[in-house]
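Peer 1: Got a structure for you, data-v2.pdb, holding PDB, C-alpha atoms.
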ATOM      1  CA  MET Q   6     -23.280  12.228   4.125
ATOM      2  CA  GLY Q   7     -21.488  15.470   3.289
ATOM      3  CA  LYS Q   8     -21.026  16.351   6.950
ATOM      4  CA  TYR Q   9     -19.638  12.887   7.656
ATOM      5  CA  VAL Q  10     -17.133  13.130   4.799
ATOM      6  CA  LEU Q  11     -16.021  16.599   5.927
ATOM      7  CA  LYS Q  12     -15.661  15.370   9.509
ATOM      8  CA  ARG Q  13     -13.559  12.385   8.443
ATOM      9  CA  ILE Q  14     -11.293  14.557   6.306
ATOM     10  CA  VAL Q  15     -10.729  16.990   9.180
ATOM     11  CA  LEU Q  16      -9.949  14.119  11.565
ATOM     12  CA  MET Q  17      -7.602  12.597   8.976
ATOM     13  CA  LEU Q  18      -5.663  15.844   8.613
ATOM     14  CA  PHE Q  19      -5.513  16.250  12.390
ATOM     15  CA  THR Q  20      -4.183  12.704  12.824
ATOM     16  CA  PHE Q  21      -1.676  13.238  10.015
ATOM     17  CA  LEU Q  22      -0.408  16.446  11.651
ATOM     18  CA  ILE Q  23       0.015  14.728  15.035
ATOM     19  CA  ILE Q  24       2.014  11.815  13.570
ATOM     20  CA  ILE Q  25       4.270  14.052  11.482
ATOM     21  CA  SER Q  26       4.829  16.361  14.448
ATOM     22  CA  MET Q  27       5.931  13.382  16.551
ATOM     23  CA  CYS Q  28       8.328  12.269  13.812
ATOM     24  CA  PHE Q  29       9.741  15.789  13.537
ATOM     25  CA  ILE Q  30      10.337  16.086  17.293
ATOM     26  CA  LEU Q  31      11.961  12.644  17.499
ATOM     27  CA  VAL Q  32      14.262  13.473  14.582
ATOM     28  CA  LYS Q  33      15.321  16.730  16.211
ATOM     29  CA  LEU Q  34      16.205  14.860  19.399
ATOM     30  CA  LEU Q  35      18.671  12.677  17.483
ATOM     31  CA  PRO Q  36      22.256  13.760  16.751
ATOM     32  CA  ASN Q  37      22.883  15.255  13.310
ATOM     33  CA  LYS Q  38      25.957  14.718  11.156
ATOM     34  CA  PRO Q  39      28.209  17.810  11.005
ATOM     35  CA  ALA Q  40      28.088  19.577   7.640
ATOM     36  CA  LYS Q  41      31.874  19.592   7.373
ATOM     37  CA  GLN Q  42      31.855  15.822   6.841
ATOM     38  CA  PHE Q  43      30.171  16.247   3.446
ATOM     39  CA  GLY Q  44      33.315  17.482   1.672
ATOM     40  CA  LYS Q  45      32.698  19.615  -1.407
ATOM     41  CA  ASP Q  46      28.941  19.832  -0.723
ATOM     42  CA  MET Q  47      29.499  21.314   2.732
ATOM     43  CA  GLN Q  48      28.392  24.812   1.745
ATOM     44  CA  LEU Q  49      25.243  23.532   0.045
ATOM     45  CA  ILE Q  50      24.301  21.487   3.098
ATOM     46  CA  GLU Q  51      24.931  24.437   5.412
ATOM     47  CA  MET Q  52      22.817  26.746   3.238
ATOM     48  CA  ARG Q  53      19.925  24.303   3.177
ATOM     49  CA  ARG Q  54      20.142  23.755   6.920
ATOM     50  CA  GLU Q  55      20.080  27.493   7.457
ATOM     51  CA  ALA Q  56      17.042  27.832   5.176
ATOM     52  CA  LEU Q  57      15.254  25.102   7.119
ATOM     53  CA  GLY Q  58      16.071  26.804  10.411
ATOM     54  CA  TYR Q  59      18.345  24.148  11.881
ATOM     55  CA  ASN Q  60      20.108  26.798  13.995
ATOM     56  CA  LYS Q  61      16.895  28.258  15.442
ATOM     57  CA  PRO Q  62      14.818  27.182  18.459
ATOM     58  CA  LEU Q  63      12.763  24.008  18.064
ATOM     59  CA  LEU Q  64       9.409  25.814  17.848
ATOM     60  CA  GLU Q  65      10.656  28.063  15.036
ATOM     61  CA  GLN Q  66      12.099  25.029  13.244
ATOM     62  CA  TYR Q  67       8.704  23.367  13.476
ATOM     63  CA  VAL Q  68       6.894  26.376  11.967
ATOM     64  CA  ILE Q  69       9.446  26.550   9.141
ATOM     65  CA  PHE Q  70       9.043  22.819   8.580
ATOM     66  CA  LEU Q  71       5.273  23.175   8.181
ATOM     67  CA  GLN Q  72       5.602  26.129   5.826
ATOM     68  CA  ARG Q  73       8.371  24.812   3.579
ATOM     69  CA  SER Q  74       7.792  21.049   3.664
ATOM     70  CA  LEU Q  75       4.100  20.295   4.126
ATOM     71  CA  ILE Q  76       2.881  23.389   2.269
ATOM     72  CA  GLY Q  77       5.714  24.301  -0.101
ATOM     73  CA  GLN Q  78       6.947  20.736  -0.818
ATOM     74  CA  ASP Q  79      10.513  21.787  -0.023
ATOM     75  CA  TRP Q  80      11.910  18.892   1.987
ATOM     76  CA  GLY Q  81      15.526  19.955   1.710
ATOM     77  CA  VAL Q  82      18.426  18.036   0.182
ATOM     78  CA  SER Q  83      19.773  14.580   0.872
ATOM     79  CA  GLU Q  84      22.658  14.576   3.322
ATOM     80  CA  VAL Q  85      23.625  10.898   3.132
ATOM     81  CA  LEU Q  86      21.968   8.759   0.440
ATOM     82  CA  TYR Q  87      22.077  11.157  -2.534
ATOM     83  CA  LEU Q  88      24.434  13.831  -1.351
ATOM     84  CA  GLY Q  89      23.214  17.327  -2.187
ATOM     85  CA  GLN Q  90      20.277  16.186  -4.358
ATOM     86  CA  ASP Q  91      16.732  17.432  -3.851
ATOM     87  CA  VAL Q  92      14.754  15.044  -1.638
ATOM     88  CA  TRP Q  93      11.371  15.692  -3.262
ATOM     89  CA  GLY Q  94      12.747  15.258  -6.790
ATOM     90  CA  LYS Q  95      14.393  11.955  -5.890
ATOM     91  CA  PHE Q  96      11.165  10.755  -4.290
ATOM     92  CA  ILE Q  97       9.167  11.509  -7.458
ATOM     93  CA  GLU Q  98      11.823   9.709  -9.506
ATOM     94  CA  LYS Q  99      11.456   6.552  -7.382
ATOM     95  CA  MET Q 100       7.664   6.516  -7.285
ATOM     96  CA  PRO Q 101       6.884   4.943 -10.725
ATOM     97  CA  ALA Q 102       8.732   1.709  -9.908
ATOM     98  CA  THR Q 103       6.712   1.222  -6.719
ATOM     99  CA  VAL Q 104       3.411   2.015  -8.417
ATOM    100  CA  ILE Q 105       3.980  -0.229 -11.439
ATOM    101  CA  VAL Q 106       4.961  -3.288  -9.384
ATOM    102  CA  ASN Q 107       2.013  -2.965  -7.039
ATOM    103  CA  ALA Q 108      -0.387  -2.132  -9.877
ATOM    104  CA  TYR Q 109       0.568  -5.357 -11.663
ATOM    105  CA  THR Q 110       0.078  -7.196  -8.379
ATOM    106  CA  MET Q 111      -3.445  -5.859  -7.889
ATOM    107  CA  LEU Q 112      -4.497  -6.367 -11.518
ATOM    108  CA  ILE Q 113      -3.552 -10.039 -11.264
ATOM    109  CA  SER Q 114      -4.484 -10.760  -7.639
ATOM    110  CA  VAL Q 115      -7.958  -9.211  -7.504
ATOM    111  CA  PRO Q 116      -9.584 -11.225 -10.367
ATOM    112  CA  LEU Q 117      -7.865 -14.417  -9.219
ATOM    113  CA  GLY Q 118      -8.943 -13.931  -5.599
ATOM    114  CA  LEU Q 119     -12.547 -13.203  -6.594
ATOM    115  CA  LEU Q 120     -12.752 -16.242  -8.876
ATOM    116  CA  LEU Q 121     -11.306 -18.613  -6.274
ATOM    117  CA  GLY Q 122     -13.611 -17.205  -3.578
ATOM    118  CA  ILE Q 123     -16.695 -17.576  -5.785
ATOM    119  CA  TYR Q 124     -15.701 -21.105  -6.787
ATOM    120  CA  ALA Q 125     -15.120 -22.130  -3.164
ATOM    121  CA  ALA Q 126     -18.507 -20.705  -2.120
ATOM    122  CA  LEU Q 127     -20.319 -22.569  -4.900
ATOM    123  CA  LYS Q 128     -18.517 -25.790  -3.909
ATOM    124  CA  LYS Q 129     -19.145 -25.331  -0.189
ATOM    125  CA  ASN Q 130     -18.150 -28.321   1.999
ATOM    126  CA  LYS Q 131     -16.874 -30.262  -1.014
ATOM    127  CA  TRP Q 132     -13.260 -31.290  -1.555
ATOM    128  CA  GLN Q 133     -12.611 -28.278  -3.783
ATOM    129  CA  ASP Q 134     -13.744 -25.930  -1.026
ATOM    130  CA  GLN Q 135     -11.694 -27.739   1.592
ATOM    131  CA  LEU Q 136      -8.575 -27.661  -0.597
ATOM    132  CA  ILE Q 137      -8.926 -23.939  -1.331
ATOM    133  CA  SER Q 138      -9.647 -23.146   2.330
ATOM    134  CA  THR Q 139      -6.571 -25.070   3.461
ATOM    135  CA  LEU Q 140      -4.335 -23.282   0.963
ATOM    136  CA  VAL Q 141      -5.828 -19.930   1.977
ATOM    137  CA  VAL Q 142      -4.944 -20.533   5.626
ATOM    138  CA  ILE Q 143      -1.388 -21.440   4.670
ATOM    139  CA  PHE Q 144      -0.877 -18.416   2.408
ATOM    140  CA  VAL Q 145      -2.501 -15.956   4.811
ATOM    141  CA  SER Q 146      -0.329 -17.182   7.690
ATOM    142  CA  THR Q 147       2.953 -16.968   5.761
ATOM    143  CA  PRO Q 148       4.809 -13.622   5.536
ATOM    144  CA  SER Q 149       5.433 -12.243   2.054
ATOM    145  CA  TYR Q 150       9.224 -12.348   2.424
ATOM    146  CA  VAL Q 151       9.027 -16.139   2.799
ATOM    147  CA  TYR Q 152       7.350 -16.308  -0.608
ATOM    148  CA  ALA Q 153      10.073 -14.045  -1.943
ATOM    149  CA  PHE Q 154      12.847 -16.421  -0.867
ATOM    150  CA  LEU Q 155      10.972 -19.460  -2.253
ATOM    151  CA  VAL Q 156      10.298 -17.719  -5.564
ATOM    152  CA  GLN Q 157      13.918 -16.655  -5.839
ATOM    153  CA  TYR Q 158      15.202 -20.141  -5.074
ATOM    154  CA  PHE Q 159      12.905 -22.200  -7.297
ATOM    155  CA  LEU Q 160      11.954 -19.885 -10.172
ATOM    156  CA  CYS Q 161      15.050 -17.685 -10.357
ATOM    157  CA  PHE Q 162      17.872 -19.974  -9.213
ATOM    158  CA  LYS Q 163      16.766 -23.533  -9.983
ATOM    159  CA  LEU Q 164      14.575 -23.077 -13.059
ATOM    160  CA  LYS Q 165      16.113 -19.755 -14.162
ATOM    161  CA  TRP Q 166      12.811 -18.521 -15.539
ATOM    162  CA  PHE Q 167      13.237 -15.011 -14.159
ATOM    163  CA  PRO Q 168      16.143 -12.763 -13.164
ATOM    164  CA  PHE Q 169      16.878 -12.314  -9.475
ATOM    165  CA  GLN Q 170      16.261  -8.566  -9.525
ATOM    166  CA  MET Q 171      14.398  -5.981 -11.565
ATOM    167  CA  ASN Q 172      16.071  -4.477 -14.621
ATOM    168  CA  ALA Q 173      17.896  -1.252 -13.863
ATOM    169  CA  GLY Q 174      16.310   0.616 -16.808
ATOM    170  CA  TYR Q 175      13.315   2.938 -16.514
ATOM    171  CA  ASP Q 176      11.236   1.543 -19.400
ATOM    172  CA  TYR Q 177       8.630   0.084 -17.056
ATOM    173  CA  PHE Q 178       6.284  -1.102 -19.820
ATOM    174  CA  SER Q 179       8.791  -3.158 -21.801
ATOM    175  CA  TRP Q 180       8.544  -6.948 -21.869
ATOM    176  CA  SER Q 181      11.973  -7.448 -20.271
ATOM    177  CA  THR Q 182      11.016  -5.201 -17.355
ATOM    178  CA  PHE Q 183       7.717  -7.026 -16.883
ATOM    179  CA  VAL Q 184       9.485 -10.400 -16.798
ATOM    180  CA  SER Q 185      11.985  -9.091 -14.258
ATOM    181  CA  ILE Q 186       9.258  -7.917 -11.870
ATOM    182  CA  VAL Q 187       7.162 -11.108 -12.065
ATOM    183  CA  PRO Q 188       8.893 -12.639  -8.988
ATOM    184  CA  ALA Q 189       8.101  -9.528  -6.945
ATOM    185  CA  VAL Q 190       4.508  -9.513  -8.221
ATOM    186  CA  MET Q 191       4.091 -13.165  -7.266
ATOM    187  CA  SER Q 192       5.526 -12.615  -3.793
ATOM    188  CA  LEU Q 193       3.199  -9.686  -3.165
ATOM    189  CA  GLY Q 194       0.202 -11.383  -4.770
ATOM    190  CA  PHE Q 195       0.035 -14.640  -2.805
ATOM    191  CA  GLY Q 196      -1.162 -12.975   0.376
ATOM    192  CA  THR Q 197      -3.585 -10.661  -1.433
ATOM    193  CA  VAL Q 198      -5.169 -13.542  -3.350
ATOM    194  CA  ALA Q 199      -5.549 -15.591  -0.168
ATOM    195  CA  GLN Q 200      -7.173 -12.776   1.812
ATOM    196  CA  LEU Q 201      -9.567 -11.858  -0.987
ATOM    197  CA  THR Q 202     -10.467 -15.519  -1.558
ATOM    198  CA  ARG Q 203     -11.293 -16.036   2.104
ATOM    199  CA  TYR Q 204     -13.321 -12.838   2.325
ATOM    200  CA  THR Q 205     -15.246 -13.494  -0.907
ATOM    201  CA  ARG Q 206     -16.063 -17.063   0.086
ATOM    202  CA  ALA Q 207     -17.357 -16.014   3.508
ATOM    203  CA  GLU Q 208     -19.557 -13.207   2.153
ATOM    204  CA  LEU Q 209     -20.927 -15.173  -0.802
ATOM    205  CA  THR Q 210     -21.636 -18.253   1.321
ATOM    206  CA  GLU Q 211     -23.683 -16.148   3.714
ATOM    207  CA  VAL Q 212     -25.636 -14.525   0.877
ATOM    208  CA  LEU Q 213     -26.318 -17.835  -0.892
ATOM    209  CA  THR Q 214     -28.020 -19.205   2.236
ATOM    210  CA  SER Q 215     -30.216 -16.131   2.805
ATOM    211  CA  ASP Q 216     -34.013 -16.314   2.672
ATOM    212  CA  TYR Q 217     -34.540 -14.064  -0.329
ATOM    213  CA  LEU Q 218     -32.341 -16.284  -2.518
ATOM    214  CA  LEU Q 219     -34.304 -19.346  -1.463
ATOM    215  CA  LEU Q 220     -37.454 -17.440  -2.422
ATOM    216  CA  ALA Q 221     -35.946 -16.595  -5.813
ATOM    217  CA  ARG Q 222     -35.213 -20.275  -6.408
ATOM    218  CA  THR Q 223     -38.802 -21.246  -5.573
ATOM    219  CA  LYS Q 224     -40.008 -18.717  -8.175
ATOM    220  CA  GLY Q 225     -38.204 -20.572 -10.928
ATOM    221  CA  LEU Q 226     -34.786 -18.926 -11.170
ATOM    222  CA  THR Q 227     -31.869 -21.270 -11.713
ATOM    223  CA  ARG Q 228     -28.905 -21.369  -9.376
ATOM    224  CA  ALA Q 229     -26.745 -19.578 -11.913
ATOM    225  CA  GLN Q 230     -29.330 -16.802 -12.294
ATOM    226  CA  THR Q 231     -29.717 -16.257  -8.556
ATOM    227  CA  THR Q 232     -25.948 -16.278  -8.083
ATOM    228  CA  VAL Q 233     -25.171 -13.772 -10.832
ATOM    229  CA  ARG Q 234     -28.173 -11.458 -10.499
ATOM    230  CA  HIS Q 235     -28.565 -11.334  -6.740
ATOM    231  CA  ALA Q 236     -25.900 -13.125  -4.697
ATOM    232  CA  LEU Q 237     -22.804 -11.625  -6.314
ATOM    233  CA  ARG Q 238     -24.244  -8.119  -6.334
ATOM    234  CA  ASN Q 239     -25.007  -8.203  -2.616
ATOM    235  CA  ALA Q 240     -21.787  -9.977  -1.685
ATOM    236  CA  MET Q 241     -19.754  -7.283  -3.456
ATOM    237  CA  VAL Q 242     -21.068  -4.568  -1.111
ATOM    238  CA  PRO Q 243     -18.516  -5.316   1.655
ATOM    239  CA  ILE Q 244     -15.892  -6.724  -0.741
ATOM    240  CA  PHE Q 245     -15.590  -3.795  -3.153
ATOM    241  CA  PRO Q 246     -14.444  -1.276  -0.489
ATOM    242  CA  MET Q 247     -11.732  -3.757   0.496
ATOM    243  CA  ILE Q 248     -10.556  -3.924  -3.130
ATOM    244  CA  LEU Q 249     -10.719  -0.131  -3.397
ATOM    245  CA  GLY Q 250      -8.562   0.221  -0.305
ATOM    246  CA  GLU Q 251      -6.024  -2.193  -1.760
ATOM    247  CA  PHE Q 252      -5.777  -0.153  -4.959
ATOM    248  CA  ILE Q 253      -5.284   3.062  -2.986
ATOM    249  CA  GLY Q 254      -2.648   1.302  -0.936
ATOM    250  CA  ILE Q 255      -0.548   0.322  -3.972
ATOM    251  CA  MET Q 256       1.192   3.676  -3.658
ATOM    252  CA  GLY Q 257       2.675   2.491  -0.393
ATOM    253  CA  GLY Q 258       4.285  -0.549  -1.919
ATOM    254  CA  SER Q 259       6.184  -3.135   0.114
ATOM    255  CA  LEU Q 260       9.341  -2.227   1.970
ATOM    256  CA  ILE Q 261      10.691  -5.782   2.245
ATOM    257  CA  ILE Q 262       9.746  -7.137  -1.184
ATOM    258  CA  GLU Q 263      11.128  -4.110  -3.010
ATOM    259  CA  GLN Q 264      14.352  -4.478  -1.061
ATOM    260  CA  ILE Q 265      14.701  -8.202  -1.832
ATOM    261  CA  PHE Q 266      14.072  -7.928  -5.578
ATOM    262  CA  GLY Q 267      15.968  -4.683  -6.107
ATOM    263  CA  ILE Q 268      12.929  -2.617  -7.096
ATOM    264  CA  PRO Q 269      14.196   0.993  -7.401
ATOM    265  CA  GLY Q 270      11.139   2.360  -5.603
ATOM    266  CA  VAL Q 271      10.361   4.257  -2.431
ATOM    267  CA  GLY Q 272      10.446   1.119  -0.265
ATOM    268  CA  PRO Q 273      14.239   0.597  -0.326
ATOM    269  CA  LEU Q 274      14.654   4.362  -0.046
ATOM    270  CA  TYR Q 275      12.729   4.378   3.222
ATOM    271  CA  VAL Q 276      14.680   1.435   4.612
ATOM    272  CA  ALA Q 277      17.998   3.020   3.643
ATOM    273  CA  SER Q 278      17.058   6.370   5.185
ATOM    274  CA  VAL Q 279      16.844   4.844   8.666
ATOM    275  CA  SER Q 280      19.135   1.809   8.493
ATOM    276  CA  SER Q 281      22.431   3.485   7.632
ATOM    277  CA  ALA Q 282      25.009   4.454  10.245
ATOM    278  CA  THR Q 283      24.091   8.105   9.632
ATOM    279  CA  PRO Q 284      20.343   8.294   8.829
ATOM    280  CA  ASP Q 285      19.098  10.681   6.173
ATOM    281  CA  TYR Q 286      16.561  12.603   8.233
ATOM    282  CA  ASN Q 287      15.089  14.601   5.346
ATOM    283  CA  PHE Q 288      14.210  11.445   3.439
ATOM    284  CA  PHE Q 289      12.859   9.893   6.616
ATOM    285  CA  LEU Q 290      10.468  12.801   7.262
ATOM    286  CA  LEU Q 291       9.217  12.884   3.676
ATOM    287  CA  LEU Q 292       8.644   9.133   3.452
ATOM    288  CA  SER Q 293       7.055   8.999   6.902
ATOM    289  CA  ALA Q 294       4.606  11.683   5.771
ATOM    290  CA  PHE Q 295       3.960   9.771   2.549
ATOM    291  CA  TYR Q 296       3.241   6.393   4.173
ATOM    292  CA  THR Q 297       1.133   7.994   6.887
ATOM    293  CA  LEU Q 298      -0.984   9.842   4.333
ATOM    294  CA  ILE Q 299      -1.442   6.716   2.189
ATOM    295  CA  GLY Q 300      -2.693   4.742   5.190
ATOM    296  CA  LEU Q 301      -5.102   7.458   6.305
ATOM    297  CA  VAL Q 302      -6.468   8.088   2.809
ATOM    298  CA  SER Q 303      -7.015   4.354   2.246
ATOM    299  CA  GLY Q 304      -9.032   4.105   5.442
ATOM    300  CA  ILE Q 305     -11.234   7.092   4.722
ATOM    301  CA  ILE Q 306     -11.859   6.061   1.077
ATOM    302  CA  VAL Q 307     -12.974   2.603   2.221
ATOM    303  CA  ASP Q 308     -15.333   4.008   4.858
ATOM    304  CA  ILE Q 309     -16.889   6.585   2.553
ATOM    305  CA  SER Q 310     -17.308   4.103  -0.305
ATOM    306  CA  TYR Q 311     -19.777   2.035   1.751
ATOM    307  CA  GLY Q 312     -22.292   4.869   1.586
ATOM    308  CA  PHE Q 313     -22.041   5.127  -2.208
ATOM    309  CA  ILE Q 314     -22.087   1.376  -2.888
ATOM    310  CA  ASP Q 315     -25.020   0.521  -0.610
ATOM    311  CA  PRO Q 316     -27.816   3.150  -0.547
ATOM    312  CA  ARG Q 317     -29.131   1.654   2.690
ATOM    313  CA  ILE Q 318     -26.052   2.888   4.539
ATOM    314  CA  ARG Q 319     -26.190   6.464   5.743
ATOM    315  CA  MET Q 320     -22.868   7.527   7.203
ATOM    316  CA  GLY Q 321     -23.095   9.613  10.348
ATOM    317  CA  SER Q 322     -26.895   9.809  10.354
ATOM    318  CA  ARG Q 323     -28.790   9.880  13.616
ATOM    319  CA  LYS Q 324     -31.359   7.316  14.565
ATOM    320  CA  VAL Q 325     -34.893   8.631  14.585
TER     321      VAL Q 325
END
Take the structure in this file and express it as structure tokens.
Peer 2:
Amino acid sequence: MGKYVLKRIVLMLFTFLIIISMCFILVKLLPNKPAKQFGKDMQLIEMRREALGYNKPLLEQYVIFLQRSLIGQDWGVSEVLYLGQDVWGKFIEKMPATVIVNAYTMLISVPLGLLLGIYAALKKNKWQDQLISTLVVIFVSTPSYVYAFLVQYFLCFKLKWFPFQMNAGYDYFSWSTFVSIVPAVMSLGFGTVAQLTRYTRAELTEVLTSDYLLLARTKGLTRAQTTVRHALRNAMVPIFPMILGEFIGIMGGSLIIEQIFGIPGVGPLYVASVSSATPDYNFFLLLSAFYTLIGLVSGIIVDISYGFIDPRIRMGSRKV
């Protein structure tokens, strides 16, 4: 198991380095905005560019980039979005908003998805199961930004239950802030609930029809006892890693939903860094590295967790 984990970590770092190297090369092939167009911050921009080796050959720039950015966490200063401000500091400032919105989404979506999936499995082939399955197909097939527009129209505009966008303050645990992020949480949560419901129903239905549960019933256990003691425990083996991956992935947030509801997180920052007439390349490189790392870490955590959850699984072992 230890060798497998070490191998996966090495492969993850190698993949991460390849992706970031490709992003760095592509950025260097694009035209850069002259420093003289930054007005009073021209000297600061020129000094930072000199420190990052912008005037040196590409290979030397790449070595400096690895040393200062990936190792030293010095990603330079913003040249467009937040003129002259430190890129890493601004990124850390934006992170709490992304984390809090997606954390609320997971804390609400995971229990609801599990309960609906369990209920549908226990009511298999009945009208309750058919209704839930139909709704799951609809919600899984619909993009999250469609929910966002519907939530904004009905709950924010028509009923006026919630504000259109998140409060601008940074007191993320106040009641007013929570109410303002409910529309974003709902828009993000519909798809998560639907996917988890479908997955839980499929796994639990398969377990409930297995031979060992039928044997447990013949020995005198009630349906509730067999479901709680045996079926749920075994069904959670493939489901729990999925939930764990979702929780790891909350750091990544949602680019579109955060943009629609005005969440001051890293999502809108990433969109703005590449969508403006003059892209902010330093922000783009940092956020590309961040989203790449989140995706790779989520994958490896999910794979490794199988070996800890189910003792029968031995990652990377050879067949004898």
Peer 1: When you count all atoms listed in the file, which of these residues is closest to Leu127 in chain Q: Q:Lys224, Q:Arg206, Q:His235, Q:Lys12?
Peer 2: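 Answer, going by the shortest atom-to-atom distance: Q:Arg206.
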Peer 1: Applied to this file, what does the PyMOL selection byres ((chain Q and resi 156) around 10) return in terms of residues, put as a ChimeraX atom specification?
Peer 2: /Q:150-155,157-163,167,169,187-189,191-192
Peer 1: Of the candidates Q:Tyr275, Q:Gly267, Q:Leu220, Q:Thr205, which one gets nearest to Ala294 in chain Q if we count only C-alpha atoms?
Peer 2: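 The closest residue to Ala294 in chain Q is Q:Tyr275.
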Peer 1: Go ahead and compute the interatomic distance for CA of Arg228 in chain Q and CA of Thr214 in chain Q, in Å to one decimal.
Peer 2: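 A separation of 11.8 Å between them.
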Peer 1: Quick one: of Q:Thr227, Q:Thr103, Q:Asn172, Q:Thr197, who's nearest to Phe144 in chain Q, counting all atoms listed in the file?
Peer 2: Q:Thr197
Peer 1: Using all atoms listed in the file, which of Q:Val190, Q:Val85, Q:Leu209, Q:Ile105 sits nearest Gly122 in chain Q?
Peer 2: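 Checking each of Q:Val190, Q:Val85, Q:Leu209, Q:Ile105 against Gly122 in chain Q, counting all atoms listed in the file, the winner is Q:Leu209.
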Peer 1: Pick the closest to Asp91 in chain Q from Q:Leu291, Q:Met111, Q:Val68, Q:Leu18: which is it, counting all atoms listed in the file?
Peer 2: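 Between Q:Leu291, Q:Met111, Q:Val68, Q:Leu18, the residue approaching Asp91 in chain Q most closely is Q:Leu291.
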Peer 1: Take the PyMOL selection byres ((chain Q and resi 202) around 8), run it mentally on this structure, and tell me the resulting residues as a ChimeraX atom specification.
Peer 2: /Q:118-123,141,198-201,203-206
Peer 1: So what does the PyMOL selection byres ((chain Q and resi 82) around 8) actually pick up in this one, as a list in words?
Peer 2: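 Written out, the selection comes to Ile50, Arg53, Trp80, Gly81, Ser83, Glu84, Leu88, Gly89, Gln90, Asp91, Val92 and Asn287 of chain Q.
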Peer 1: What is the distance between CA of Tyr67 in chain Q and CA of Ile30 in chain Q, in Å to one decimal?
Peer 2: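 It comes out at 8.4 Å.
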Peer 1: Kindly provide, as lines of an AutoDock Vina configuration file, the centre and edge lengths (Å, one decimal) of an axis-aligned box around all atoms of range 137-150 of chain Q given in the file, with 6 Å on each side.
Peer 2:
center_x = -0.2
center_y = -18.7
center_z = 3.2
size_x = 30.9
size_y = 24.8
size_z = 21.0
Peer 1: Just checking: using all atoms listed in the file, which residue out of Q:Phe96, Q:Leu75, Q:Val15, Q:Thr231 ends up closest to Ser215 in chain Q?
Peer 2: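 Among the listed residues, Q:Thr231 lies closest to Ser215 in chain Q.
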Peer 1: Within 12 Å of (4.0, 8.4, 4.4), all atoms listed in the file: residues as a ChimeraX atom specification?
Peer 2: /Q:21-22,24-25,28,75,96,254,256-258,271-272,275,288-303
Peer 1: Keeping C-alpha atoms, export the residues of the selection given above as a JSON list (two decimals), in the coordinates of the input.
Peer 2:
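Now in result-v9.json:
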[["chain", "number", "residue", "atom", "x", "y", "z"],
["Q", 21, "PHE", "CA", -1.68, 13.24, 10.02],
["Q", 22, "LEU", "CA", -0.41, 16.45, 11.65],
["Q", 24, "ILE", "CA", 2.01, 11.82, 13.57],
["Q", 25, "ILE", "CA", 4.27, 14.05, 11.48],
["Q", 28, "CYS", "CA", 8.33, 12.27, 13.81],
["Q", 75, "LEU", "CA", 4.10, 20.30, 4.13],
["Q", 96, "PHE", "CA", 11.16, 10.76, -4.29],
["Q", 254, "GLY", "CA", -2.65, 1.30, -0.94],
["Q", 256, "MET", "CA", 1.19, 3.68, -3.66],
["Q", 257, "GLY", "CA", 2.68, 2.49, -0.39],
["Q", 258, "GLY", "CA", 4.28, -0.55, -1.92],
["Q", 271, "VAL", "CA", 10.36, 4.26, -2.43],
["Q", 272, "GLY", "CA", 10.45, 1.12, -0.26],
["Q", 275, "TYR", "CA", 12.73, 4.38, 3.22],
["Q", 288, "PHE", "CA", 14.21, 11.44, 3.44],
["Q", 289, "PHE", "CA", 12.86, 9.89, 6.62],
["Q", 290, "LEU", "CA", 10.47, 12.80, 7.26],
["Q", 291, "LEU", "CA", 9.22, 12.88, 3.68],
["Q", 292, "LEU", "CA", 8.64, 9.13, 3.45],
["Q", 293, "SER", "CA", 7.06, 9.00, 6.90],
["Q", 294, "ALA", "CA", 4.61, 11.68, 5.77],
["Q", 295, "PHE", "CA", 3.96, 9.77, 2.55],
["Q", 296, "TYR", "CA", 3.24, 6.39, 4.17],
["Q", 297, "THR", "CA", 1.13, 7.99, 6.89],
["Q", 298, "LEU", "CA", -0.98, 9.84, 4.33],
["Q", 299, "ILE", "CA", -1.44, 6.72, 2.19],
["Q", 300, "GLY", "CA", -2.69, 4.74, 5.19],
["Q", 301, "LEU", "CA", -5.10, 7.46, 6.30],
["Q", 302, "VAL", "CA", -6.47, 8.09, 2.81],
["Q", 303, "SER", "CA", -7.02, 4.35, 2.25]]
Peer 1: Can you tell me how far CA of Thr210 in chain Q sits from CA of Lys128 in chain Q, in Å to one decimal?
Peer 2: 9.7 Å
Peer 1: Just the residues within 12 Å of Gln66 in chain Q, please, counting only C-alpha atoms, with nothing from its chain fewer than 2 positions along; format it as an mmCIF file with C-alpha atoms, in the coordinates of the input.
Peer 2:
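Output (result-v6.cif):
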data_model
loop_
_atom_site.group_PDB
_atom_site.id
_atom_site.type_symbol
_atom_site.label_atom_id
_atom_site.label_comp_id
_atom_site.auth_asym_id
_atom_site.auth_seq_id
_atom_site.Cartn_x
_atom_site.Cartn_y
_atom_site.Cartn_z
ATOM 1 C CA SER Q 26 4.829 16.361 14.448
ATOM 2 C CA PHE Q 29 9.741 15.789 13.537
ATOM 3 C CA ILE Q 30 10.337 16.086 17.293
ATOM 4 C CA VAL Q 32 14.262 13.473 14.582
ATOM 5 C CA LYS Q 33 15.321 16.730 16.211
ATOM 6 C CA ARG Q 54 20.142 23.755 6.920
ATOM 7 C CA GLU Q 55 20.080 27.493 7.457
ATOM 8 C CA ALA Q 56 17.042 27.832 5.176
ATOM 9 C CA LEU Q 57 15.254 25.102 7.119
ATOM 10 C CA GLY Q 58 16.071 26.804 10.411
ATOM 11 C CA TYR Q 59 18.345 24.148 11.881
ATOM 12 C CA ASN Q 60 20.108 26.798 13.995
ATOM 13 C CA LYS Q 61 16.895 28.258 15.442
ATOM 14 C CA PRO Q 62 14.818 27.182 18.459
ATOM 15 C CA LEU Q 63 12.763 24.008 18.064
ATOM 16 C CA LEU Q 64 9.409 25.814 17.848
ATOM 17 C CA VAL Q 68 6.894 26.376 11.967
ATOM 18 C CA ILE Q 69 9.446 26.550 9.141
ATOM 19 C CA PHE Q 70 9.043 22.819 8.580
ATOM 20 C CA LEU Q 71 5.273 23.175 8.181
ATOM 21 C CA GLN Q 72 5.602 26.129 5.826
ATOM 22 C CA ARG Q 73 8.371 24.812 3.579
ATOM 23 C CA SER Q 74 7.792 21.049 3.664
#
